[in-house]
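Note sheet for the following structure.
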Amino acid sequence: MTENILILSILAMGGLGVAFSLFLAIADRKLSVKEDPRVEAAMRILPGINCGACGLPSCHVFAERVVEGGVPVSGCLAGGEEVATGLAELLGVKVEKQERLIAVVLCKGGHAESLYTAEYYGEKTCEAAHITGGGKACIYGCLGYGDCVRACKFDAMAMNDNGLPVVFYDACIGCGKCAEACPRNIIEMHPESHKLFVYCKNRDKGAVARKVCKVACVACTLCVKDCDVEGGIEIIDNLAVVNYDKCKSSEAATKRCPTKCIFNDIERLNTKEAFYASQRKEAV
Amino acid sequence: MEVILVFLSAAIVNNFVLTYFLGICPFVGVSKKVDTALNMGMATTFVMTMTAAVTWLIYHFIILRYNLPFLEYVAFIITIASLVQFVEMFIRKASPALFRTLGIFLPLITTNCAILGLALFAVLREYDFVESIFFGLGAGAGFTLALVIMAGIREELELADVPPALRGAPITLLVAGLLALSFMGFAGLLSV
């Protein structure tokens, strides 16, 4: 009897095993998917954090496209040069050099500089605050709820004590996620060669702008006159705008600004270490 | 009529996730987005229905017939594993994006206790073949329901002002508990 059960159970399990393996073998034939092995190899080179900086939804999609040749090997901003060279080696193509982009926050009106005309009690995101206008009187300036900092996947941004976001020059890879997240489009992506920036977006008349913020551009045209290159800065809608085709850097233009809202080459000073060191100092 | 009761009982009154606390792993793991939760629910429903049918056949035509009750678990588990393997191949072919979203949770359906639980319950309650299938369907529908409700709540939670100490896992577990509590309201309505 015992032997009987032994044989029966071996037969039963063996039979089931064979039946299921047959079923799976057939299914595997019918449903097999062909995948380019280079996609897997590309995946191993890519950072795999699905940051979206390349404009594609995930690293896997990027890997597929890059193998097809749809996107350049230097398309992965998070990976930078290392990944680009790796992919180029894998696919047998050449790396095309691209200039590094940096996010620039074009507003200096923090808590200390801005006039507050309301108290905002809503959800603590810029996106929501933008609908009602937030608390600050300036409707062009930074709302200060840090949507951009949350959008940054590279730990390259932080809010300072003054309620303004700071981009760390050494950590920013130029993915543009923060610029996308900002409902007021204060953050812009600029190549490294751009040094001269007007840190204001206020397009109201000078008197109005000055009333709501101590560091607003009042369109006095001093920078336009002082700029090294003729036409390097223009006044558009009561706001000084740098024309980067003509002028990328000018120390002279920044000297006489009455509200101190134009600077030349200060982004470089914002490094992660310097930022946290200064925050600690102020805390003490 | 009986089959509808079996279906409703498994889907709502005796919901596998919220009443029996089976299959908690994917319930917490794949409930961040309604889309993904729905797809995971569908995959699990398919596996559950097929499992209910196949295990019924195995139980009645092999295990009972040759009096091998000790093989019950082993036979059920290889059935489930094979079906999950099949679903995995199918999803990989049909939707590579979904395949990557579900990730590890797809093969993990194999070890999802809700499915083994379903096969064992069906045997225990002596359902016939059709009832078994409806039991599987109902259990799958209930699983999907729980997952989608949970995902819906968690999507809303993203925007809520949760106290820092509760952010992440704690609030998820709290919500799961409250959800289970609310499903207790159905308790005792059906006893199939």
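As shown in the structure tokens, the chain order sets the letters A, B, ...; within each chain, residues go from 1, and ligands are also counted from 1 in the order they appear.
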
message = I need the contact residues of chain B against chain A, so if you could list those with any atom within 10 Å, counting only C-alpha atoms, and return them as an MDAnalysis selection string, that would help.
response = chainID B and resid 58 62:63 66:71 74:75 78:79 81:83 85:87 89:94 96:97 100 159:161

What does the file look like for those residues with C-alpha atoms, as an mmCIF file, in the first residue's frame?
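Below is the file out-v3.cif, written as the result:
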data_model
loop_
_atom_site.group_PDB
_atom_site.id
_atom_site.type_symbol
_atom_site.label_atom_id
_atom_site.label_comp_id
_atom_site.auth_asym_id
_atom_site.auth_seq_id
_atom_site.Cartn_x
_atom_site.Cartn_y
_atom_site.Cartn_z
ATOM 1 C CA ILE B 58 -6.298 18.829 -9.945
ATOM 2 C CA ILE B 62 -5.919 13.643 -9.077
ATOM 3 C CA ILE B 63 -5.667 14.310 -5.377
ATOM 4 C CA TYR B 66 -5.905 8.705 -5.781
ATOM 5 C CA ASN B 67 -6.198 9.757 -2.136
ATOM 6 C CA LEU B 68 -3.086 11.940 -2.024
ATOM 7 C CA PRO B 69 -4.201 14.849 0.244
ATOM 8 C CA PHE B 70 -0.614 15.523 1.314
ATOM 9 C CA LEU B 71 0.186 16.681 -2.223
ATOM 10 C CA VAL B 74 2.745 21.249 -3.590
ATOM 11 C CA ALA B 75 0.387 20.724 -6.491
ATOM 12 C CA ILE B 78 3.295 24.629 -8.935
ATOM 13 C CA THR B 79 -0.034 25.469 -10.584
ATOM 14 C CA ALA B 81 3.826 29.373 -10.246
ATOM 15 C CA SER B 82 3.194 28.166 -13.801
ATOM 16 C CA LEU B 83 0.234 30.496 -14.256
ATOM 17 C CA GLN B 85 5.004 32.573 -15.356
ATOM 18 C CA PHE B 86 2.475 32.538 -18.159
ATOM 19 C CA VAL B 87 1.018 35.915 -17.164
ATOM 20 C CA MET B 89 5.275 36.210 -20.542
ATOM 21 C CA PHE B 90 1.959 37.552 -21.722
ATOM 22 C CA ILE B 91 2.378 41.003 -20.142
ATOM 23 C CA ARG B 92 5.949 41.221 -21.353
ATOM 24 C CA LYS B 93 4.693 40.673 -24.875
ATOM 25 C CA ALA B 94 1.547 42.795 -24.617
ATOM 26 C CA PRO B 96 6.604 46.089 -21.923
ATOM 27 C CA ALA B 97 5.988 49.365 -20.086
ATOM 28 C CA ARG B 100 8.628 47.255 -16.010
ATOM 29 C CA LEU B 159 -1.321 66.443 -1.634
ATOM 30 C CA ALA B 160 -2.406 66.245 1.983
ATOM 31 C CA ASP B 161 -0.596 67.942 4.828
#

Within 12 Å of segment 5-13 of chain B using only C-alpha atoms, minus same-chain residues under 6 positions, as an mmCIF file with N, CA and C atoms, in the first residue's frame:
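Done, and the output landed in result.cif:
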data_model
loop_
_atom_site.group_PDB
_atom_site.id
_atom_site.type_symbol
_atom_site.label_atom_id
_atom_site.label_comp_id
_atom_site.auth_asym_id
_atom_site.auth_seq_id
_atom_site.Cartn_x
_atom_site.Cartn_y
_atom_site.Cartn_z
ATOM 1 N N THR B 19 -10.437 41.727 4.705
ATOM 2 C CA THR B 19 -11.060 40.962 5.778
ATOM 3 C C THR B 19 -10.159 39.819 6.249
ATOM 4 N N TYR B 20 -9.540 39.133 5.265
ATOM 5 C CA TYR B 20 -8.671 38.015 5.643
ATOM 6 C C TYR B 20 -7.207 38.435 5.794
ATOM 7 N N THR B 45 -6.266 38.981 -10.825
ATOM 8 C CA THR B 45 -7.587 38.390 -11.064
ATOM 9 C C THR B 45 -7.486 37.234 -12.051
ATOM 10 N N MET B 48 -5.887 34.352 -10.359
ATOM 11 C CA MET B 48 -6.805 33.772 -9.368
ATOM 12 C C MET B 48 -7.871 32.915 -10.038
ATOM 13 N N THR B 49 -8.476 33.436 -11.102
ATOM 14 C CA THR B 49 -9.538 32.695 -11.780
ATOM 15 C C THR B 49 -8.997 31.400 -12.363
ATOM 16 N N ALA B 114 -2.766 35.378 -1.009
ATOM 17 C CA ALA B 114 -4.181 35.437 -1.368
ATOM 18 C C ALA B 114 -4.523 34.331 -2.357
ATOM 19 N N GLY B 117 -4.326 30.950 -0.668
ATOM 20 C CA GLY B 117 -5.477 30.978 0.238
ATOM 21 C C GLY B 117 -6.761 30.670 -0.497
ATOM 22 N N LEU B 118 -6.890 31.263 -1.676
ATOM 23 C CA LEU B 118 -8.074 31.048 -2.494
ATOM 24 C C LEU B 118 -8.240 29.573 -2.857
ATOM 25 N N PHE B 121 -9.193 27.655 0.297
ATOM 26 C CA PHE B 121 -10.564 27.959 0.715
ATOM 27 C C PHE B 121 -11.579 27.229 -0.149
ATOM 28 N N ALA B 122 -11.311 27.248 -1.482
ATOM 29 C CA ALA B 122 -12.249 26.650 -2.423
ATOM 30 C C ALA B 122 -12.418 25.163 -2.107
ATOM 31 N N ARG B 125 -14.339 24.761 1.367
ATOM 32 C CA ARG B 125 -15.775 25.073 1.351
ATOM 33 C C ARG B 125 -16.542 24.191 0.386
ATOM 34 N N TYR B 127 -16.737 23.905 -2.881
ATOM 35 C CA TYR B 127 -17.394 24.511 -4.028
ATOM 36 C C TYR B 127 -17.352 23.540 -5.195
ATOM 37 N N ASP B 128 -18.379 23.632 -6.085
ATOM 38 C CA ASP B 128 -18.280 22.850 -7.319
ATOM 39 C C ASP B 128 -17.473 23.673 -8.337
ATOM 40 N N VAL B 130 -18.055 25.383 -11.168
ATOM 41 C CA VAL B 130 -18.494 26.734 -11.560
ATOM 42 C C VAL B 130 -18.363 27.696 -10.389
ATOM 43 N N GLU B 131 -18.775 27.254 -9.213
ATOM 44 C CA GLU B 131 -18.654 28.100 -8.022
ATOM 45 C C GLU B 131 -17.192 28.476 -7.772
ATOM 46 N N SER B 132 -16.321 27.507 -7.964
ATOM 47 C CA SER B 132 -14.884 27.765 -7.787
ATOM 48 C C SER B 132 -14.410 28.895 -8.670
ATOM 49 N N ILE B 133 -14.829 28.816 -9.954
ATOM 50 C CA ILE B 133 -14.406 29.848 -10.899
ATOM 51 C C ILE B 133 -14.921 31.213 -10.451
ATOM 52 N N PHE B 134 -16.188 31.253 -10.031
ATOM 53 C CA PHE B 134 -16.740 32.528 -9.591
ATOM 54 C C PHE B 134 -16.082 33.006 -8.299
ATOM 55 N N PHE B 135 -15.711 32.049 -7.477
ATOM 56 C CA PHE B 135 -14.989 32.389 -6.244
ATOM 57 C C PHE B 135 -13.662 33.072 -6.599
ATOM 58 N N GLY B 136 -12.975 32.498 -7.586
ATOM 59 C CA GLY B 136 -11.708 33.079 -8.035
ATOM 60 C C GLY B 136 -11.906 34.467 -8.613
ATOM 61 N N LEU B 137 -12.933 34.590 -9.475
ATOM 62 C CA LEU B 137 -13.240 35.887 -10.081
ATOM 63 C C LEU B 137 -13.554 36.925 -9.009
ATOM 64 N N GLY B 138 -14.391 36.511 -8.054
ATOM 65 C CA GLY B 138 -14.795 37.423 -6.982
ATOM 66 C C GLY B 138 -13.608 37.837 -6.148
ATOM 67 N N ALA B 139 -12.757 36.871 -5.814
ATOM 68 C CA ALA B 139 -11.572 37.189 -5.009
ATOM 69 C C ALA B 139 -10.683 38.174 -5.761
ATOM 70 N N GLY B 140 -10.542 37.940 -7.072
ATOM 71 C CA GLY B 140 -9.735 38.851 -7.900
ATOM 72 C C GLY B 140 -10.342 40.237 -7.939
ATOM 73 N N ALA B 141 -11.673 40.290 -8.126
ATOM 74 C CA ALA B 141 -12.351 41.588 -8.175
ATOM 75 C C ALA B 141 -12.179 42.310 -6.846
ATOM 76 N N GLY B 142 -12.283 41.567 -5.750
ATOM 77 C CA GLY B 142 -12.123 42.164 -4.431
ATOM 78 C C GLY B 142 -10.718 42.693 -4.229
ATOM 79 N N PHE B 143 -9.740 41.905 -4.695
ATOM 80 C CA PHE B 143 -8.334 42.316 -4.592
ATOM 81 C C PHE B 143 -8.099 43.610 -5.381
ATOM 82 N N THR B 144 -8.633 43.618 -6.631
ATOM 83 C CA THR B 144 -8.503 44.809 -7.475
ATOM 84 C C THR B 144 -9.153 46.012 -6.805
ATOM 85 N N LEU B 145 -10.353 45.784 -6.274
ATOM 86 C CA LEU B 145 -11.095 46.857 -5.605
ATOM 87 C C LEU B 145 -10.261 47.452 -4.466
ATOM 88 N N ALA B 146 -9.747 46.577 -3.624
ATOM 89 C CA ALA B 146 -8.962 47.050 -2.480
ATOM 90 C C ALA B 146 -7.751 47.835 -2.948
ATOM 91 N N ALA B 180 -9.777 48.619 6.214
ATOM 92 C CA ALA B 180 -10.217 47.309 6.676
ATOM 93 C C ALA B 180 -11.378 47.463 7.655
ATOM 94 N N SER B 182 -13.542 49.867 7.706
ATOM 95 C CA SER B 182 -14.766 50.235 7.001
ATOM 96 C C SER B 182 -15.374 49.029 6.295
ATOM 97 N N PHE B 183 -14.510 48.102 5.858
ATOM 98 C CA PHE B 183 -15.049 46.903 5.206
ATOM 99 C C PHE B 183 -15.710 45.969 6.213
ATOM 100 N N MET B 184 -15.427 46.174 7.493
ATOM 101 C CA MET B 184 -16.103 45.364 8.514
ATOM 102 C C MET B 184 -17.598 45.617 8.511
ATOM 103 N N GLY B 185 -17.973 46.775 7.945
ATOM 104 C CA GLY B 185 -19.401 47.100 7.842
ATOM 105 C C GLY B 185 -20.175 46.064 7.057
ATOM 106 N N PHE B 186 -19.488 45.321 6.187
ATOM 107 C CA PHE B 186 -20.167 44.298 5.380
ATOM 108 C C PHE B 186 -20.257 42.961 6.115
ATOM 109 N N ALA B 187 -19.547 42.865 7.229
ATOM 110 C CA ALA B 187 -19.404 41.562 7.887
ATOM 111 C C ALA B 187 -20.756 40.927 8.186
ATOM 112 N N GLY B 188 -20.860 39.664 7.895
ATOM 113 C CA GLY B 188 -22.056 38.921 8.240
ATOM 114 C C GLY B 188 -23.215 39.069 7.274
ATOM 115 N N LEU B 189 -23.081 39.902 6.238
ATOM 116 C CA LEU B 189 -24.168 40.069 5.270
ATOM 117 C C LEU B 189 -24.414 38.779 4.504
ATOM 118 N N LEU B 190 -23.332 38.118 4.118
ATOM 119 C CA LEU B 190 -23.437 36.865 3.380
ATOM 120 C C LEU B 190 -22.579 35.836 4.097
ATOM 121 N N SER B 191 -23.017 34.592 4.069
ATOM 122 C CA SER B 191 -22.201 33.589 4.746
ATOM 123 C C SER B 191 -21.848 32.443 3.820
ATOM 124 N N VAL B 192 -21.625 32.771 2.542
ATOM 125 C CA VAL B 192 -21.286 31.703 1.601
ATOM 126 C C VAL B 192 -19.787 31.442 1.640
#

message = From a backbone DSSP assignment, name each residue in chain B labelled alpha helix (DSSP H), as a count of residues only.
response = 124

Surrounding residues of Glu113 of chain A excluding itself and chain neighbours under 4 positions, 9 Å, only C-alpha atoms, as a list in words = Lys108, Gly109, Asn162, Val212, Cys213, Lys214 and Val215 of chain A

So which residues touch Ile233 of chain A within 9 Å, counting only C-alpha atoms, skipping near sequence neighbours fewer than 5 positions away, as a PDB file with all heavy atoms, in the first residue's frame?
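Everything below was put into out.pdb:
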ATOM      1  N   THR A 221      17.392 102.149 -17.063  1.00  0.00           N
ATOM      2  CA  THR A 221      18.257 102.115 -18.261  1.00  0.00           C
ATOM      3  C   THR A 221      19.745 102.384 -17.989  1.00  0.00           C
ATOM      4  O   THR A 221      20.516 102.541 -18.928  1.00  0.00           O
ATOM      5  CB  THR A 221      17.796 103.097 -19.378  1.00  0.00           C
ATOM      6  OG1 THR A 221      18.046 104.440 -18.948  1.00  0.00           O
ATOM      7  CG2 THR A 221      16.334 102.905 -19.712  1.00  0.00           C
ATOM      8  N   CYS A 223      21.925 100.259 -16.775  1.00  0.00           N
ATOM      9  CA  CYS A 223      22.685  99.101 -17.245  1.00  0.00           C
ATOM     10  C   CYS A 223      22.768  99.077 -18.767  1.00  0.00           C
ATOM     11  O   CYS A 223      23.768  98.643 -19.346  1.00  0.00           O
ATOM     12  CB  CYS A 223      22.096  97.801 -16.704  1.00  0.00           C
ATOM     13  SG  CYS A 223      20.346  97.576 -17.050  1.00  0.00           S
ATOM     14  N   VAL A 224      21.703  99.564 -19.409  1.00  0.00           N
ATOM     15  CA  VAL A 224      21.698  99.586 -20.871  1.00  0.00           C
ATOM     16  C   VAL A 224      22.823 100.492 -21.359  1.00  0.00           C
ATOM     17  O   VAL A 224      23.563 100.163 -22.287  1.00  0.00           O
ATOM     18  CB  VAL A 224      20.329 100.090 -21.391  1.00  0.00           C
ATOM     19  CG1 VAL A 224      20.330 100.204 -22.904  1.00  0.00           C
ATOM     20  CG2 VAL A 224      19.217  99.176 -20.917  1.00  0.00           C
ATOM     21  N   LYS A 225      22.968 101.640 -20.670  1.00  0.00           N
ATOM     22  CA  LYS A 225      23.992 102.605 -21.070  1.00  0.00           C
ATOM     23  C   LYS A 225      25.395 102.098 -20.759  1.00  0.00           C
ATOM     24  O   LYS A 225      26.331 102.322 -21.513  1.00  0.00           O
ATOM     25  CB  LYS A 225      23.753 103.933 -20.343  1.00  0.00           C
ATOM     26  CG  LYS A 225      22.570 104.705 -20.900  1.00  0.00           C
ATOM     27  CD  LYS A 225      22.268 105.905 -20.033  1.00  0.00           C
ATOM     28  CE  LYS A 225      20.865 106.422 -20.281  1.00  0.00           C
ATOM     29  NZ  LYS A 225      20.285 106.998 -19.069  1.00  0.00           N
ATOM     30  N   CYS A 227      26.514  99.006 -20.421  1.00  0.00           N
ATOM     31  CA  CYS A 227      26.916  97.690 -20.937  1.00  0.00           C
ATOM     32  C   CYS A 227      28.070  97.811 -21.931  1.00  0.00           C
ATOM     33  O   CYS A 227      28.107  98.729 -22.752  1.00  0.00           O
ATOM     34  CB  CYS A 227      25.725  97.011 -21.607  1.00  0.00           C
ATOM     35  SG  CYS A 227      26.109  95.354 -22.152  1.00  0.00           S
ATOM     36  N   ALA A 240      14.669  95.222 -17.674  1.00  0.00           N
ATOM     37  CA  ALA A 240      15.916  95.076 -18.413  1.00  0.00           C
ATOM     38  C   ALA A 240      16.106  93.613 -18.797  1.00  0.00           C
ATOM     39  O   ALA A 240      15.987  92.734 -17.947  1.00  0.00           O
ATOM     40  CB  ALA A 240      17.089  95.550 -17.561  1.00  0.00           C
ATOM     41  N   VAL A 241      16.357  93.361 -20.065  1.00  0.00           N
ATOM     42  CA  VAL A 241      16.535  91.988 -20.537  1.00  0.00           C
ATOM     43  C   VAL A 241      17.868  91.900 -21.267  1.00  0.00           C
ATOM     44  O   VAL A 241      18.168  92.730 -22.125  1.00  0.00           O
ATOM     45  CB  VAL A 241      15.387  91.592 -21.491  1.00  0.00           C
ATOM     46  CG1 VAL A 241      15.605  90.190 -22.021  1.00  0.00           C
ATOM     47  CG2 VAL A 241      14.044  91.703 -20.790  1.00  0.00           C
ATOM     48  N   VAL A 242      18.673  90.906 -20.887  1.00  0.00           N
ATOM     49  CA  VAL A 242      19.982  90.744 -21.525  1.00  0.00           C
ATOM     50  C   VAL A 242      19.789  90.040 -22.869  1.00  0.00           C
ATOM     51  O   VAL A 242      19.084  89.030 -22.957  1.00  0.00           O
ATOM     52  CB  VAL A 242      20.925  89.920 -20.629  1.00  0.00           C
ATOM     53  CG1 VAL A 242      22.302  89.807 -21.273  1.00  0.00           C
ATOM     54  CG2 VAL A 242      21.026  90.526 -19.248  1.00  0.00           C
ATOM     55  N   ASN A 243      20.405  90.594 -23.887  1.00  0.00           N
ATOM     56  CA  ASN A 243      20.368  89.965 -25.201  1.00  0.00           C
ATOM     57  C   ASN A 243      21.635  89.129 -25.358  1.00  0.00           C
ATOM     58  O   ASN A 243      22.704  89.642 -25.672  1.00  0.00           O
ATOM     59  CB  ASN A 243      20.294  91.062 -26.271  1.00  0.00           C
ATOM     60  CG  ASN A 243      20.158  90.476 -27.657  1.00  0.00           C
ATOM     61  OD1 ASN A 243      20.321  89.264 -27.851  1.00  0.00           O
ATOM     62  ND2 ASN A 243      19.866  91.312 -28.628  1.00  0.00           N
ATOM     63  N   TYR A 244      21.496  87.819 -25.106  1.00  0.00           N
ATOM     64  CA  TYR A 244      22.684  86.964 -25.035  1.00  0.00           C
ATOM     65  C   TYR A 244      23.369  86.749 -26.374  1.00  0.00           C
ATOM     66  O   TYR A 244      24.507  86.297 -26.418  1.00  0.00           O
ATOM     67  CB  TYR A 244      22.331  85.623 -24.383  1.00  0.00           C
ATOM     68  CG  TYR A 244      21.995  85.791 -22.920  1.00  0.00           C
ATOM     69  CD1 TYR A 244      20.686  85.750 -22.481  1.00  0.00           C
ATOM     70  CD2 TYR A 244      22.992  86.029 -21.993  1.00  0.00           C
ATOM     71  CE1 TYR A 244      20.366  85.939 -21.150  1.00  0.00           C
ATOM     72  CE2 TYR A 244      22.698  86.223 -20.664  1.00  0.00           C
ATOM     73  CZ  TYR A 244      21.385  86.167 -20.244  1.00  0.00           C
ATOM     74  OH  TYR A 244      21.093  86.368 -18.932  1.00  0.00           O
ATOM     75  N   LYS A 246      24.276  89.153 -28.194  1.00  0.00           N
ATOM     76  CA  LYS A 246      25.289  90.209 -28.288  1.00  0.00           C
ATOM     77  C   LYS A 246      26.206  90.240 -27.071  1.00  0.00           C
ATOM     78  O   LYS A 246      27.384  90.518 -27.183  1.00  0.00           O
ATOM     79  CB  LYS A 246      24.594  91.565 -28.422  1.00  0.00           C
ATOM     80  CG  LYS A 246      23.931  91.750 -29.773  1.00  0.00           C
ATOM     81  CD  LYS A 246      23.381  93.162 -29.890  1.00  0.00           C
ATOM     82  CE  LYS A 246      22.676  93.339 -31.228  1.00  0.00           C
ATOM     83  NZ  LYS A 246      21.814  94.521 -31.211  1.00  0.00           N
ATOM     84  N   CYS A 247      25.621  89.993 -25.891  1.00  0.00           N
ATOM     85  CA  CYS A 247      26.407  90.177 -24.677  1.00  0.00           C
ATOM     86  C   CYS A 247      26.159  89.049 -23.699  1.00  0.00           C
ATOM     87  O   CYS A 247      25.014  88.787 -23.328  1.00  0.00           O
ATOM     88  CB  CYS A 247      26.023  91.516 -24.047  1.00  0.00           C
ATOM     89  SG  CYS A 247      26.776  91.775 -22.442  1.00  0.00           S
ATOM     90  N   ALA A 253      28.097  96.838 -16.564  1.00  0.00           N
ATOM     91  CA  ALA A 253      26.655  97.054 -16.548  1.00  0.00           C
ATOM     92  C   ALA A 253      26.060  96.918 -15.157  1.00  0.00           C
ATOM     93  O   ALA A 253      24.991  97.464 -14.869  1.00  0.00           O
ATOM     94  CB  ALA A 253      25.986  96.071 -17.503  1.00  0.00           C
TER      95      ALA A 253
END

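The environment of Ala37 of chain B within 10 Å, counting only C-alpha atoms and disregarding residues fewer than 3 places along the same chain, consists of B:Pro26, B:Phe27, B:Gly29, B:Val30, B:Ser31, B:Lys32, B:Lys33, B:Val34, B:Met40, B:Gly41, B:Met42, B:Ala43, B:Leu102, B:Phe143, B:Thr144, B:Leu145, B:Ala146, B:Leu147, B:Val148, B:Ile149, B:Met150, B:Ala151, B:Gly152.
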
Which residues of segment 11-115 of chain A come within 7 Å of segment 137-158 of chain A, and what is each one's closest atom pair and distance in Å (one decimal), counting only C-alpha atoms, sorted by chain and residue number, as a tab-separated table?
residue	atom	partner	partner_atom	distance
A:Cys51	CA	A:Lys153	CA	6.7
A:Cys107	CA	A:Gly141	CA	6.0
A:Gly109	CA	A:Gly141	CA	6.8
A:Leu115	CA	A:Ala137	CA	5.7

With all heavy atoms kept, could you save the residues just selected as a PDB file, in the first residue's frame?
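Everything below was put into result_14.pdb:
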ATOM      1  N   CYS A  51      15.062  60.120 -14.226  1.00  0.00           N
ATOM      2  CA  CYS A  51      14.868  61.514 -13.823  1.00  0.00           C
ATOM      3  C   CYS A  51      14.065  62.294 -14.854  1.00  0.00           C
ATOM      4  O   CYS A  51      13.412  63.261 -14.532  1.00  0.00           O
ATOM      5  CB  CYS A  51      16.210  62.192 -13.583  1.00  0.00           C
ATOM      6  SG  CYS A  51      17.185  62.424 -15.081  1.00  0.00           S
ATOM      7  N   CYS A 107      15.135  85.821  -9.407  1.00  0.00           N
ATOM      8  CA  CYS A 107      14.393  86.652  -8.470  1.00  0.00           C
ATOM      9  C   CYS A 107      15.228  86.753  -7.191  1.00  0.00           C
ATOM     10  O   CYS A 107      15.740  85.748  -6.705  1.00  0.00           O
ATOM     11  CB  CYS A 107      13.026  86.056  -8.162  1.00  0.00           C
ATOM     12  SG  CYS A 107      12.096  86.994  -6.928  1.00  0.00           S
ATOM     13  N   GLY A 109      13.943  88.623  -4.585  1.00  0.00           N
ATOM     14  CA  GLY A 109      13.006  89.182  -3.604  1.00  0.00           C
ATOM     15  C   GLY A 109      12.559  88.161  -2.580  1.00  0.00           C
ATOM     16  O   GLY A 109      11.495  87.570  -2.685  1.00  0.00           O
ATOM     17  N   LEU A 115       7.477  93.107  -0.187  1.00  0.00           N
ATOM     18  CA  LEU A 115       6.349  93.637   0.574  1.00  0.00           C
ATOM     19  C   LEU A 115       5.263  92.551   0.607  1.00  0.00           C
ATOM     20  O   LEU A 115       4.928  91.976  -0.435  1.00  0.00           O
ATOM     21  CB  LEU A 115       5.808  94.888  -0.127  1.00  0.00           C
ATOM     22  CG  LEU A 115       4.511  95.462   0.433  1.00  0.00           C
ATOM     23  CD1 LEU A 115       4.782  96.147   1.760  1.00  0.00           C
ATOM     24  CD2 LEU A 115       3.894  96.436  -0.555  1.00  0.00           C
TER      25      LEU A 115
END

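Candidate residues A:Val39, A:Leu77, A:Val167, A:Val66 were compared for distance to Gln98 of chain A, and the nearest is A:Leu77, using only C-alpha atoms.
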
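Here atom CA of Tyr121 of chain A is placed at a distance of 23.3 Å from atom CA of Arg154 of chain B.
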
key: Best match for closeness to Asn50 of chain A among A:Leu222, A:Cys175, A:Val166, A:Leu22, counting only C-alpha atoms   = A:Cys175

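Ranking A:Val218, A:Ala277, A:Cys261, A:Ile7 by their shortest atom-to-atom distance to Phe197 of chain A, with only C-alpha atoms included, puts A:Cys261 first.
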
ask   = So what do you get for atom CA of Lys94 of chain A versus atom CA of Phe62 of chain A, distance-wise?
value = 17.5 Å
